[in-house]
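Reproduced below: upload-v5.csv, with CSV, C-alpha atoms.
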```csv
chain,number,residue,atom,x,y,z
B,1,MET,CA,-4.5,7.8,23.0
B,2,MET,CA,-5.3,6.0,26.3
B,3,PRO,CA,-2.5,5.3,28.7
B,4,GLY,CA,-1.2,1.8,28.2
B,5,MET,CA,-2.1,1.6,24.5
B,6,THR,CA,0.8,1.2,22.2
B,7,THR,CA,1.3,3.4,19.2
B,8,PRO,CA,0.1,1.7,16.1
B,9,THR,CA,2.9,0.7,13.8
B,10,ILE,CA,3.0,2.7,10.6
B,11,ASP,CA,4.3,0.8,7.6
B,12,ALA,CA,5.7,3.6,5.5
B,13,ALA,CA,6.3,1.2,2.6
B,14,ASP,CA,2.6,0.2,2.7
B,15,ILE,CA,1.5,3.8,2.6
B,16,VAL,CA,3.7,4.4,-0.5
B,17,HIS,CA,2.3,1.3,-2.2
B,18,ARG,CA,-1.2,2.8,-1.7
B,19,TYR,CA,0.0,6.2,-2.9
B,20,TRP,CA,1.1,4.9,-6.2
B,21,ALA,CA,-1.9,2.6,-6.6
B,22,ALA,CA,-4.2,5.5,-6.0
B,23,ALA,CA,-2.3,7.8,-8.4
B,24,ASN,CA,-2.3,5.2,-11.2
B,25,ALA,CA,-6.0,4.6,-10.7
B,26,ARG,CA,-6.6,8.4,-10.6
B,27,ASP,CA,-8.5,7.7,-7.4
B,28,TRP,CA,-7.9,11.2,-6.0
B,29,ASP,CA,-10.0,10.6,-2.9
B,30,ALA,CA,-7.8,7.7,-1.8
B,31,PHE,CA,-4.7,9.7,-2.9
B,32,GLY,CA,-5.7,12.8,-0.9
B,33,ALA,CA,-6.5,10.7,2.2
B,34,LEU,CA,-2.8,9.7,2.4
B,35,LEU,CA,-1.6,13.4,2.6
B,36,ALA,CA,-1.3,15.7,5.6
B,37,PRO,CA,-3.1,19.0,5.0
B,38,ASP,CA,0.1,21.0,5.3
B,39,MET,CA,2.2,18.6,3.2
B,40,VAL,CA,5.0,19.9,1.0
B,41,TYR,CA,6.1,18.5,-2.4
B,42,GLU,CA,9.5,19.5,-3.8
B,43,ILE,CA,11.5,18.9,-7.0
B,44,PRO,CA,15.1,19.8,-6.1
B,45,GLN,CA,16.2,19.7,-9.7
B,46,THR,CA,13.9,22.6,-10.7
B,47,ARG,CA,13.6,24.1,-7.3
B,48,GLU,CA,9.8,23.9,-7.5
B,49,ARG,CA,7.7,23.5,-4.4
B,50,VAL,CA,3.9,22.8,-4.0
B,51,GLN,CA,2.5,23.7,-0.6
B,52,GLY,CA,-0.5,22.0,0.9
B,53,ARG,CA,-2.7,19.0,0.1
B,54,ALA,CA,-5.2,20.9,-2.1
B,55,ALA,CA,-2.5,22.4,-4.4
B,56,TYR,CA,-0.7,19.1,-4.6
B,57,LEU,CA,-3.9,17.2,-5.5
B,58,ARG,CA,-4.5,19.7,-8.2
B,59,PHE,CA,-0.9,19.4,-9.4
B,60,ASN,CA,-1.5,15.7,-9.9
B,61,VAL,CA,-5.0,15.9,-11.3
B,62,GLU,CA,-3.6,18.4,-13.9
B,63,TYR,CA,-0.4,16.5,-14.7
B,64,PRO,CA,-0.5,16.0,-18.4
B,65,GLY,CA,-0.4,12.6,-20.2
B,66,ASP,CA,-1.8,9.2,-19.8
B,67,TRP,CA,1.0,8.2,-17.4
B,68,GLN,CA,1.5,5.2,-15.1
B,69,ALA,CA,4.2,5.1,-12.4
B,70,VAL,CA,5.0,1.4,-12.0
B,71,PRO,CA,6.7,0.6,-8.7
B,72,HIS,CA,10.1,-1.1,-9.1
B,73,ARG,CA,11.4,-0.7,-5.6
B,74,ILE,CA,9.5,0.6,-2.5
B,75,VAL,CA,11.4,0.6,0.8
B,76,GLY,CA,10.5,2.2,4.1
B,77,THR,CA,10.6,2.0,7.8
B,78,GLY,CA,9.1,4.1,10.5
B,79,SER,CA,8.4,7.6,9.2
B,80,SER,CA,10.5,7.4,6.0
B,81,ALA,CA,10.2,5.6,2.7
B,82,ALA,CA,11.6,5.8,-0.8
B,83,SER,CA,10.2,4.6,-4.2
B,84,TRP,CA,11.8,3.9,-7.5
B,85,THR,CA,9.1,3.8,-10.2
B,86,ARG,CA,9.1,3.3,-13.9
B,87,PHE,CA,7.2,6.3,-15.2
B,88,THR,CA,5.6,5.4,-18.5
B,89,VAL,CA,3.8,7.5,-21.0
B,90,GLY,CA,2.9,5.6,-24.2
B,91,ASP,CA,6.2,4.0,-25.4
B,92,SER,CA,8.5,6.2,-23.3
B,93,GLU,CA,9.8,5.2,-19.9
B,94,ALA,CA,11.9,7.1,-17.4
B,95,PRO,CA,12.9,6.4,-13.8
B,96,GLY,CA,11.2,8.5,-11.0
B,97,LEU,CA,12.6,8.5,-7.5
B,98,CYS,CA,10.8,9.8,-4.5
B,99,PHE,CA,11.6,10.2,-0.8
B,100,PHE,CA,8.6,10.4,1.6
B,101,ASP,CA,8.3,11.6,5.2
B,102,LEU,CA,5.3,10.7,7.3
B,103,ASP,CA,3.8,12.0,10.5
B,104,GLU,CA,2.9,10.0,13.6
B,105,ALA,CA,-0.6,9.3,12.1
B,106,GLY,CA,1.0,7.9,8.9
B,107,LEU,CA,0.1,10.8,6.8
B,108,ILE,CA,2.6,12.0,4.2
B,109,THR,CA,4.1,15.3,5.1
B,110,ARG,CA,6.8,15.6,2.5
B,111,VAL,CA,7.4,14.2,-1.0
B,112,THR,CA,10.7,14.9,-2.6
B,113,ASP,CA,10.7,14.0,-6.3
B,114,PHE,CA,13.7,13.3,-8.5
B,115,TRP,CA,13.8,12.8,-12.3
B,116,PRO,CA,17.3,11.6,-13.3
B,117,GLU,CA,18.0,12.0,-17.0
B,118,PRO,CA,20.5,10.2,-19.3
B,119,TYR,CA,24.0,11.7,-19.6
B,120,GLU,CA,27.3,10.7,-21.1
B,121,PRO,CA,29.8,8.9,-18.8
B,122,PRO,CA,32.9,10.8,-17.8
B,123,PRO,CA,36.3,9.6,-19.2
B,124,GLY,CA,38.8,7.6,-17.3
B,125,ARG,CA,36.9,4.6,-16.1
B,126,GLY,CA,36.4,2.6,-19.2
B,127,HIS,CA,38.8,-0.1,-17.8
B,128,LEU,CA,36.3,-0.8,-15.0
B,129,VAL,CA,32.9,-0.4,-16.6
B,130,GLN,CA,30.8,-2.0,-19.3
B,131,ARG,CA,28.0,-0.2,-21.1
B,132,TYR,CA,24.6,-1.9,-21.3
H,1,MET,CA,22.4,-23.0,10.0
H,2,MET,CA,21.4,-25.5,12.7
H,3,PRO,CA,17.7,-26.5,12.9
H,4,GLY,CA,15.8,-24.4,15.3
H,5,MET,CA,18.1,-21.4,14.9
H,6,THR,CA,16.4,-18.3,13.6
H,7,THR,CA,17.7,-16.3,10.7
H,8,PRO,CA,19.6,-13.2,12.1
H,9,THR,CA,17.7,-10.0,11.3
H,10,ILE,CA,19.4,-7.9,8.6
H,11,ASP,CA,19.0,-4.2,9.1
H,12,ALA,CA,19.5,-2.9,5.6
H,13,ALA,CA,19.5,0.7,6.7
H,14,ASP,CA,22.4,-0.1,9.2
H,15,ILE,CA,24.4,-1.7,6.4
H,16,VAL,CA,24.0,1.4,4.2
H,17,HIS,CA,25.0,3.7,7.1
H,18,ARG,CA,28.2,1.6,7.4
H,19,TYR,CA,28.6,1.7,3.6
H,20,TRP,CA,28.7,5.5,3.5
H,21,ALA,CA,30.8,5.8,6.7
H,22,ALA,CA,33.4,3.4,5.2
H,23,ALA,CA,33.4,5.2,1.9
H,24,ASN,CA,33.8,8.6,3.5
H,25,ALA,CA,36.7,7.3,5.7
H,26,ARG,CA,38.3,5.7,2.6
H,27,ASP,CA,38.3,2.5,4.8
H,28,TRP,CA,38.3,0.1,1.8
H,29,ASP,CA,38.6,-3.0,4.0
H,30,ALA,CA,35.4,-2.1,5.8
H,31,PHE,CA,33.8,-1.1,2.6
H,32,GLY,CA,34.7,-4.3,0.8
H,33,ALA,CA,33.5,-6.4,3.7
H,34,LEU,CA,29.9,-5.1,3.0
H,35,LEU,CA,29.9,-6.3,-0.6
H,36,ALA,CA,29.0,-9.7,-2.0
H,37,PRO,CA,31.8,-11.0,-4.3
H,38,ASP,CA,29.6,-11.1,-7.4
H,39,MET,CA,27.9,-7.8,-6.7
H,40,VAL,CA,26.8,-5.5,-9.5
H,41,TYR,CA,26.9,-1.7,-9.6
H,42,GLU,CA,24.9,0.2,-12.2
H,43,ILE,CA,24.3,3.8,-13.3
H,44,PRO,CA,21.1,3.7,-15.3
H,45,GLN,CA,21.6,7.3,-16.6
H,46,THR,CA,24.9,6.4,-18.4
H,47,ARG,CA,24.1,2.7,-18.8
H,48,GLU,CA,27.4,1.9,-17.0
H,49,ARG,CA,27.9,-1.4,-15.1
H,50,VAL,CA,30.7,-2.5,-12.8
H,51,GLN,CA,30.8,-6.2,-12.2
H,52,GLY,CA,32.2,-7.8,-9.0
H,53,ARG,CA,33.6,-6.6,-5.7
H,54,ALA,CA,37.2,-6.2,-6.9
H,55,ALA,CA,36.3,-4.0,-9.8
H,56,TYR,CA,33.8,-2.0,-7.7
H,57,LEU,CA,36.4,-1.4,-5.0
H,58,ARG,CA,38.8,-0.1,-7.6
H,59,PHE,CA,36.1,2.1,-9.1
H,60,ASN,CA,35.7,3.7,-5.7
H,61,VAL,CA,39.4,3.9,-4.8
H,62,GLU,CA,40.1,5.6,-8.2
H,63,TYR,CA,37.1,7.9,-8.0
H,64,PRO,CA,38.5,11.4,-8.4
H,65,GLY,CA,38.2,14.3,-6.0
H,66,ASP,CA,38.2,14.8,-2.3
H,67,TRP,CA,34.5,13.9,-2.0
H,68,GLN,CA,32.2,13.2,0.9
H,69,ALA,CA,28.8,11.7,0.6
H,70,VAL,CA,26.8,13.0,3.6
H,71,PRO,CA,23.7,10.9,4.3
H,72,HIS,CA,20.5,12.9,4.3
H,73,ARG,CA,18.0,10.0,4.3
H,74,ILE,CA,18.7,6.3,4.7
H,75,VAL,CA,15.7,4.0,4.6
H,76,GLY,CA,15.6,0.3,4.5
H,77,THR,CA,13.9,-2.9,5.5
H,78,GLY,CA,14.6,-6.6,4.9
H,79,SER,CA,16.8,-6.9,1.9
H,80,SER,CA,16.3,-3.5,0.3
H,81,ALA,CA,17.4,0.0,1.2
H,82,ALA,CA,17.8,3.5,-0.4
H,83,SER,CA,20.0,6.4,0.4
H,84,TRP,CA,19.9,10.1,-0.5
H,85,THR,CA,23.3,11.7,0.1
H,86,ARG,CA,24.7,15.1,-0.4
H,87,PHE,CA,27.7,14.5,-2.5
H,88,THR,CA,30.2,17.3,-1.8
H,89,VAL,CA,33.5,18.2,-3.5
H,90,GLY,CA,34.9,21.5,-2.2
H,91,ASP,CA,32.2,24.0,-2.4
H,92,SER,CA,30.0,22.1,-4.8
H,93,GLU,CA,27.1,19.9,-3.7
H,94,ALA,CA,24.8,17.6,-5.6
H,95,PRO,CA,22.3,14.9,-4.5
H,96,GLY,CA,23.2,11.3,-5.0
H,97,LEU,CA,20.5,8.6,-4.8
H,98,CYS,CA,21.2,4.9,-4.4
H,99,PHE,CA,19.1,1.8,-4.2
H,100,PHE,CA,20.6,-1.3,-2.5
H,101,ASP,CA,19.8,-5.0,-2.6
H,102,LEU,CA,21.2,-7.4,0.0
H,103,ASP,CA,21.5,-11.1,0.1
H,104,GLU,CA,20.4,-13.3,3.1
H,105,ALA,CA,23.8,-12.8,4.8
H,106,GLY,CA,23.4,-9.0,4.6
H,107,LEU,CA,26.0,-8.5,1.9
H,108,ILE,CA,25.2,-5.9,-0.8
H,109,THR,CA,24.5,-7.6,-4.1
H,110,ARG,CA,23.4,-4.6,-6.2
H,111,VAL,CA,23.9,-0.9,-6.0
H,112,THR,CA,21.9,1.3,-8.4
H,113,ASP,CA,23.2,4.8,-8.5
H,114,PHE,CA,21.4,7.9,-9.7
H,115,TRP,CA,22.7,11.5,-10.2
H,116,PRO,CA,19.8,13.8,-10.9
H,117,GLU,CA,20.9,17.1,-12.4
H,118,PRO,CA,19.2,20.6,-12.5
H,119,TYR,CA,16.7,21.3,-15.3
H,120,GLU,CA,14.2,24.0,-16.2
H,121,PRO,CA,10.6,23.5,-15.1
H,122,PRO,CA,8.1,22.8,-17.8
H,123,PRO,CA,5.5,25.4,-18.5
H,124,GLY,CA,1.9,25.2,-17.4
H,125,ARG,CA,2.1,24.7,-13.7
H,126,GLY,CA,3.2,28.1,-12.4
H,127,HIS,CA,-0.2,28.6,-10.8
H,128,LEU,CA,0.6,25.7,-8.4
H,129,VAL,CA,4.3,25.9,-7.7
H,130,GLN,CA,6.7,28.3,-6.1
H,131,ARG,CA,10.4,28.4,-6.9
H,132,TYR,CA,12.9,28.2,-4.1
```

Encoded form (structure tokens):
Amino acid sequence: MMPGMTTPTIDAADIVHRYWAAANARDWDAFGALLAPDMVYEIPQTRERVQGRAAYLRFNVEYPGDWQAVPHRIVGTGSSAASWTRFTVGDSEAPGLCFFDLDEAGLITRVTDFWPEPYEPPPGRGHLVQRY
Amino acid sequence: MMPGMTTPTIDAADIVHRYWAAANARDWDAFGALLAPDMVYEIPQTRERVQGRAAYLRFNVEYPGDWQAVPHRIVGTGSSAASWTRFTVGDSEAPGLCFFDLDEAGLITRVTDFWPEPYEPPPGRGHLVQRY
């Protein structure tokens, strides 16, 4: 970058909007263009890791089902963002939560993916909570 | 607000930093000062809801265990933020994920809390993933 030029502002939230739009459209060229070549994808709940853009693209291309991940909240600043999507397959829907790290060029270097599942509430707080 | 005055900028990420600092310090006055009186707390996984600042304060005061929620990522812009904390009690640690909505005064109007738990990976993707 030439001296005196300012660093272009990366809008991490905008990148994540484009990430989900490309994924839902199965536009793998647009999707891959958002990823750094050495990016890492992790699912902490299963301790699974996918290393590199090529493998992660294939992971998504091969992901089974006619799914859509509908953004419910996307927040981000600087080099970090998070999304809460409603992951739908047919009539079923589940929340998907991702945290994203970006490099200085705005490419995604890390996606950490969480899939929280239903569980029974612990005892002892029924006096404070309602069920919905 | 007087005509000509600009709206003060709310830094949603800063509010969430203060939220976790107050919670970890059990400084309930500081914690309560961040909450809107009619705020709502929800756990989608158990479908539990706590309504109002007073009940939510009590929910936190009564929450069992000598826990700390150590921020790992806090991201936010405008009226929305998200946090990924490492929730520790003694030697155990689990991720906690929250999404926050704020009102125009920067008070928290909604906390949505997720607790993703370990599960076994589905078959069919072992050629793309490593376990860690």

Can you pull out every residue within 10 Å of Thr112 (chain H), counting all atoms listed in the file, but drop anything in the same chain fewer than 2 positions away, and send it as JSON, numbers by chain?
{"H": [40, 41, 42, 43, 44, 49, 82, 97, 98, 99, 100, 101, 110, 114]}

Output as a ChimeraX atom specification the set of chain H residues within 9 Å of chain B, with distances taken over all atoms listed in the file.
/H:44-51,55-56,58-59,62-63,73-78,80-84,95,97,99,114-121,125,128-132

Top pick for closest residue to Met39 (chain H), considering H:Gly65, H:Asp91, H:Gly52, H:Leu107 and counting only C-alpha atoms:
H:Gly52

Coordinates-based distance that separates CA of Ile15 (chain H) from CA of Ile10 (chain B) (Å, one decimal):
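Separation between CA of Ile10 (chain B) and CA of Ile15 (chain H): 22.2 Å.
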
Distance query Val89 (chain B) at most 7 Å, all atoms listed in the file, self and fewer than 4 positions along chain excluded, as a PyMOL selection string
chain B and resi 65-68+93

How many Å lie between CA of Thr9 (chain B) and CA of Ala12 (chain H), rounded to one decimal?
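Taking CA of Thr9 (chain B) and CA of Ala12 (chain H), their separation equals 18.9 Å.
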
So the first atom is CA of Ala22 (chain H) and the second is CA of Ala69 (chain H); what is the distance between them in Å, to one decimal place?
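These two atoms are separated by 10.5 Å.
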
Given the choices H:Val61, H:Ile108, H:Ser92, H:Ala33, which gets closest to Val16 (chain H) if the distance is worked out from all atoms listed in the file?
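Counting all atoms listed in the file, the residue closest to Val16 (chain H) is H:Ile108.
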
Residues at most 7 Å from region 17-19 of chain B, counting only C-alpha atoms, excluding those fewer than 4 positions away in the same chain, as a short mmCIF file (atom, residue, chain, number, x, y, z; two decimals) with C-alpha atoms, keeping the file's coordinate frame?
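Okay, part32.cif is ready:
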```
data_model
loop_
_atom_site.label_atom_id
_atom_site.label_comp_id
_atom_site.auth_asym_id
_atom_site.auth_seq_id
_atom_site.Cartn_x
_atom_site.Cartn_y
_atom_site.Cartn_z
CA ALA B 13 6.30 1.20 2.60
CA ALA B 23 -2.30 7.80 -8.40
CA PHE B 31 -4.70 9.70 -2.90
CA LEU B 34 -2.80 9.70 2.40
#
```

H:Ala36, H:Ala30, H:Gly90, H:Ala21: which is nearest Ala105 (chain H), counting only C-alpha atoms?
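The shortest atom-to-atom distance to Ala105 (chain H) comes from H:Ala36.
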
Using only C-alpha atoms, which residue out of H:Gly96, H:Pro123, H:Thr109, H:His72 lies closest to Asp38 (chain H)?
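Among H:Gly96, H:Pro123, H:Thr109, H:His72, it is H:Thr109 that comes nearest to Asp38 (chain H).
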
Emit as JSON the padded axis-aligned box for all listed atoms of region 82-87 of chain B, 6 Å per side, with centre and edge lengths in Å to one decimal.
```
{"center_x": 9.5, "center_y": 4.8, "center_z": -8.0, "size_x": 16.6, "size_y": 15.0, "size_z": 26.4}
```
